[in-house]
Amino acid sequence: MQALSIRAFVAALLCVPLCAPLGAWAQTPIKWKLLTLWAAGTLPQKLNEQFAERVKAMSGGRLVIEVLPGGSVVAPTESLDALQAGVIDAQQGGTAYFTTKDAAFSLLGDLQGGWDNPMQAQQWLEYGGGKDLARELYRKYNAFFVTGVWYGTESVLSKKPVRTLADFKGMKVRAPVGMGQDIWKALGASPVNLPGSEVYTALERGVVDASDWGTLAMNQDLGYHKLAKYPSYPGFHSMPMGDLAVNLKKWNALPDDLKQIVEVAGRDLVREMVQRHAIDDQRIARDAGKLGFEPFDLPAAERQKFREVARGVWNTYAGRSPMARKVLDSQLAFMRDLALIK
């Protein structure tokens, strides 16, 4: 009996890999396609690819994410539609790109002139009720909002010296459609709607005098400072928040431990995006003299003027939907806590 039991025990052990093909040893991985808004080979795209590698490693290969560059499936402005329809499983998209669906996306994605740095915006999202509001908004579009993703503080670059906001009056400023254009109008500038691919030529030909585009380092990479030698640094007026979002059905189907892994890896993505871009900006600012341009920084009083002008535009957008009003009111309350507004 004892010998028989030992033989049976050994046989059972040998049988495990063969007799339990549906167990953890042979679990079929979950596969997602994640569409970003970034071009292949860029730093943000590489960081998204590292996010996918981290998720795969942390999940033991149970969740595998293929990261696709911007425009490879649909245009960045259409990615939320693709996510909602299940054409893609996840996205790292541009929140403000979806403003035509609800003005709340604009206020959530870039409260221009509101925050002094991305950390304050992240604090609101994580600890000031922002994430709950974002999830409520995205749920209407069959999507789960995992977290917000910032890449840093943008720089306004000008062909003319800038010392105060009054210097922007009459300038032709490249600015995206929406809240950004409305704020520049309120400041007395003349906003021009151009795609990013046309900014260099527009500066070269005098179509615009200034441009509201990317961070200091991004603009340097594109050669903008050869034409517009007065960029703001450190900037404050715009620090766009993208999203990390998942099709709601796909999210709900995940086991709880994989959900936690995606959220933790997402927080790492946010940290890396902000810090890596900040390091690049610092290096470019340090070498500005050698590179032939002169950064300017608006005094605190001028920043506050910008914030008050922008506040009127925020309220206009908040009046466009109940959700937009909730998003703005929540941010205003947190900004009062930080003594940014009264």
# chains A, B, ... in the order shown; residues from 1 in each chain; ligands from 1
>>> residues_around(residues="range 309-326 of chain A", least_positions_apart="5", cutoff="6 Å", atoms="only C-alpha atoms", output="PDB file with C-alpha atoms, in the first residue's frame")
ATOM      1  CA  ALA A 103     -16.113  70.897 -23.183  1.00  0.00           C
ATOM      2  CA  ALA A 104     -15.108  69.003 -20.044  1.00  0.00           C
ATOM      3  CA  ILE A 183      -7.202  83.012 -24.389  1.00  0.00           C
TER       4      ILE A 183
END
>>> residues_around(residues="Ala175 in chain A", least_positions_apart="6", cutoff="7 Å", atoms="only C-alpha atoms", output="list in words")
Gln181, Pro191, Val192, Asn193, Ser211 and Asp212 of chain A
>>> residues_around(residues="range 203-207 of chain A", least_positions_apart="6", cutoff="12 Å", atoms="only C-alpha atoms", output="ChimeraX atom specification")
/A:157-160,171-174,190-194,196-197,223-229
>>> residues_around(residues="Gly94 in chain A", least_positions_apart="2", cutoff="9 Å", atoms="only C-alpha atoms", output="NGL selection string")
:A and (36-37 or 76-77 or 79 or 92 or 96-98 or 109 or 240-243)
>>> select_by_dssp(residues="range 105-330 of chain A", states="helix (DSSP H, G or I)", output="ChimeraX atom specification")
/A:105-109,118-127,130-139,165-168,179-186,196-205,216-221,224-226,248-252,256-286,288-291,300-318,322-330
>>> residues_around(residues="Val67 in chain A", least_positions_apart="4", cutoff="8 Å", atoms="only C-alpha atoms", output="list of chain:residue names")
A:Lys33, A:Leu34, A:Leu35, A:Thr36, A:Asn48, A:Glu49, A:Ala52
>>> select_by_dssp(residues="range 183-286 of chain A", states="strand (DSSP E)", output="NGL selection string")
:A and (190-192 or 210-212 or 230-231 or 241-247)
>>> write_last_selection(atoms="N, CA and C atoms", output="short mmCIF file (atom, residue, chain, number, x, y, z; two decimals), in the first residue's frame")
data_model
loop_
_atom_site.label_atom_id
_atom_site.label_comp_id
_atom_site.auth_asym_id
_atom_site.auth_seq_id
_atom_site.Cartn_x
_atom_site.Cartn_y
_atom_site.Cartn_z
N SER A 190 -3.37 87.76 -32.12
CA SER A 190 -4.16 87.25 -33.24
C SER A 190 -3.80 85.78 -33.47
N PRO A 191 -4.56 84.86 -32.92
CA PRO A 191 -4.22 83.44 -33.07
C PRO A 191 -4.41 82.94 -34.50
N VAL A 192 -3.52 82.06 -34.91
CA VAL A 192 -3.57 81.46 -36.24
C VAL A 192 -3.61 79.95 -36.07
N ALA A 210 4.84 84.22 -33.40
CA ALA A 210 5.08 83.40 -32.21
C ALA A 210 4.32 82.09 -32.35
N SER A 211 4.69 81.12 -31.51
CA SER A 211 4.01 79.83 -31.58
C SER A 211 3.84 79.21 -30.20
N ASP A 212 2.67 78.69 -29.97
CA ASP A 212 2.33 77.93 -28.77
C ASP A 212 2.37 76.47 -29.20
N TYR A 230 13.15 83.90 -28.74
CA TYR A 230 12.71 84.29 -27.40
C TYR A 230 11.62 83.32 -26.91
N PRO A 231 12.03 82.16 -26.37
CA PRO A 231 11.05 81.21 -25.83
C PRO A 231 10.85 81.42 -24.32
N MET A 241 -2.53 67.52 -20.48
CA MET A 241 -2.66 66.19 -19.88
C MET A 241 -3.26 65.25 -20.91
N GLY A 242 -2.50 64.24 -21.30
CA GLY A 242 -3.07 63.19 -22.11
C GLY A 242 -3.75 62.17 -21.20
N ASP A 243 -4.16 61.07 -21.77
CA ASP A 243 -4.81 60.04 -20.98
C ASP A 243 -4.14 58.69 -21.19
N LEU A 244 -4.34 57.81 -20.26
CA LEU A 244 -4.13 56.38 -20.46
C LEU A 244 -5.50 55.78 -20.20
N ALA A 245 -6.13 55.30 -21.25
CA ALA A 245 -7.51 54.83 -21.14
C ALA A 245 -7.66 53.49 -21.85
N VAL A 246 -8.62 52.69 -21.36
CA VAL A 246 -8.84 51.33 -21.86
C VAL A 246 -10.32 51.17 -22.19
N ASN A 247 -10.60 50.46 -23.26
CA ASN A 247 -11.98 50.10 -23.58
C ASN A 247 -12.64 49.51 -22.34
#
>>> residues_around(residues="Pro255 in chain A", least_positions_apart="4", cutoff="12 Å", atoms="only C-alpha atoms", output="list in words")
Ile30, Ser59, Arg62, Leu63, Lys250, Trp251, Lys259, Gln260, Ile261 and Val262 of chain A
>>> write_last_selection(atoms="N, CA and C atoms", output="PDB file, in the first residue's frame")
ATOM      1  N   ILE A  30      -3.463  37.727 -22.377  1.00  0.00           N
ATOM      2  CA  ILE A  30      -4.389  38.747 -22.869  1.00  0.00           C
ATOM      3  C   ILE A  30      -3.573  39.716 -23.714  1.00  0.00           C
ATOM      4  N   SER A  59       3.279  41.271 -15.003  1.00  0.00           N
ATOM      5  CA  SER A  59       2.171  40.310 -15.072  1.00  0.00           C
ATOM      6  C   SER A  59       2.648  38.901 -15.401  1.00  0.00           C
ATOM      7  N   ARG A  62       1.185  37.655 -18.677  1.00  0.00           N
ATOM      8  CA  ARG A  62      -0.270  37.441 -18.789  1.00  0.00           C
ATOM      9  C   ARG A  62      -0.974  38.559 -19.544  1.00  0.00           C
ATOM     10  N   LEU A  63      -0.385  39.755 -19.581  1.00  0.00           N
ATOM     11  CA  LEU A  63      -0.959  40.877 -20.320  1.00  0.00           C
ATOM     12  C   LEU A  63       0.136  41.437 -21.224  1.00  0.00           C
ATOM     13  N   LYS A 250     -12.981  45.737 -22.050  1.00  0.00           N
ATOM     14  CA  LYS A 250     -11.674  45.082 -21.873  1.00  0.00           C
ATOM     15  C   LYS A 250     -11.160  45.293 -20.446  1.00  0.00           C
ATOM     16  N   TRP A 251     -11.392  46.479 -19.903  1.00  0.00           N
ATOM     17  CA  TRP A 251     -10.939  46.751 -18.534  1.00  0.00           C
ATOM     18  C   TRP A 251     -11.694  45.890 -17.534  1.00  0.00           C
ATOM     19  N   LYS A 259      -5.410  44.693 -13.172  1.00  0.00           N
ATOM     20  CA  LYS A 259      -5.828  46.101 -13.119  1.00  0.00           C
ATOM     21  C   LYS A 259      -4.846  46.913 -12.281  1.00  0.00           C
ATOM     22  N   GLN A 260      -4.459  46.344 -11.145  1.00  0.00           N
ATOM     23  CA  GLN A 260      -3.500  47.027 -10.273  1.00  0.00           C
ATOM     24  C   GLN A 260      -2.157  47.215 -10.975  1.00  0.00           C
ATOM     25  N   ILE A 261      -1.733  46.234 -11.720  1.00  0.00           N
ATOM     26  CA  ILE A 261      -0.466  46.318 -12.441  1.00  0.00           C
ATOM     27  C   ILE A 261      -0.514  47.444 -13.477  1.00  0.00           C
ATOM     28  N   VAL A 262      -1.600  47.532 -14.223  1.00  0.00           N
ATOM     29  CA  VAL A 262      -1.726  48.591 -15.230  1.00  0.00           C
ATOM     30  C   VAL A 262      -1.713  49.964 -14.566  1.00  0.00           C
TER      31      VAL A 262
END
>>> closest_residue(among="A:Tyr151, A:Trp124, A:Phe296, A:Trp32", to="Leu47 in chain A", atoms="only C-alpha atoms")
A:Tyr151
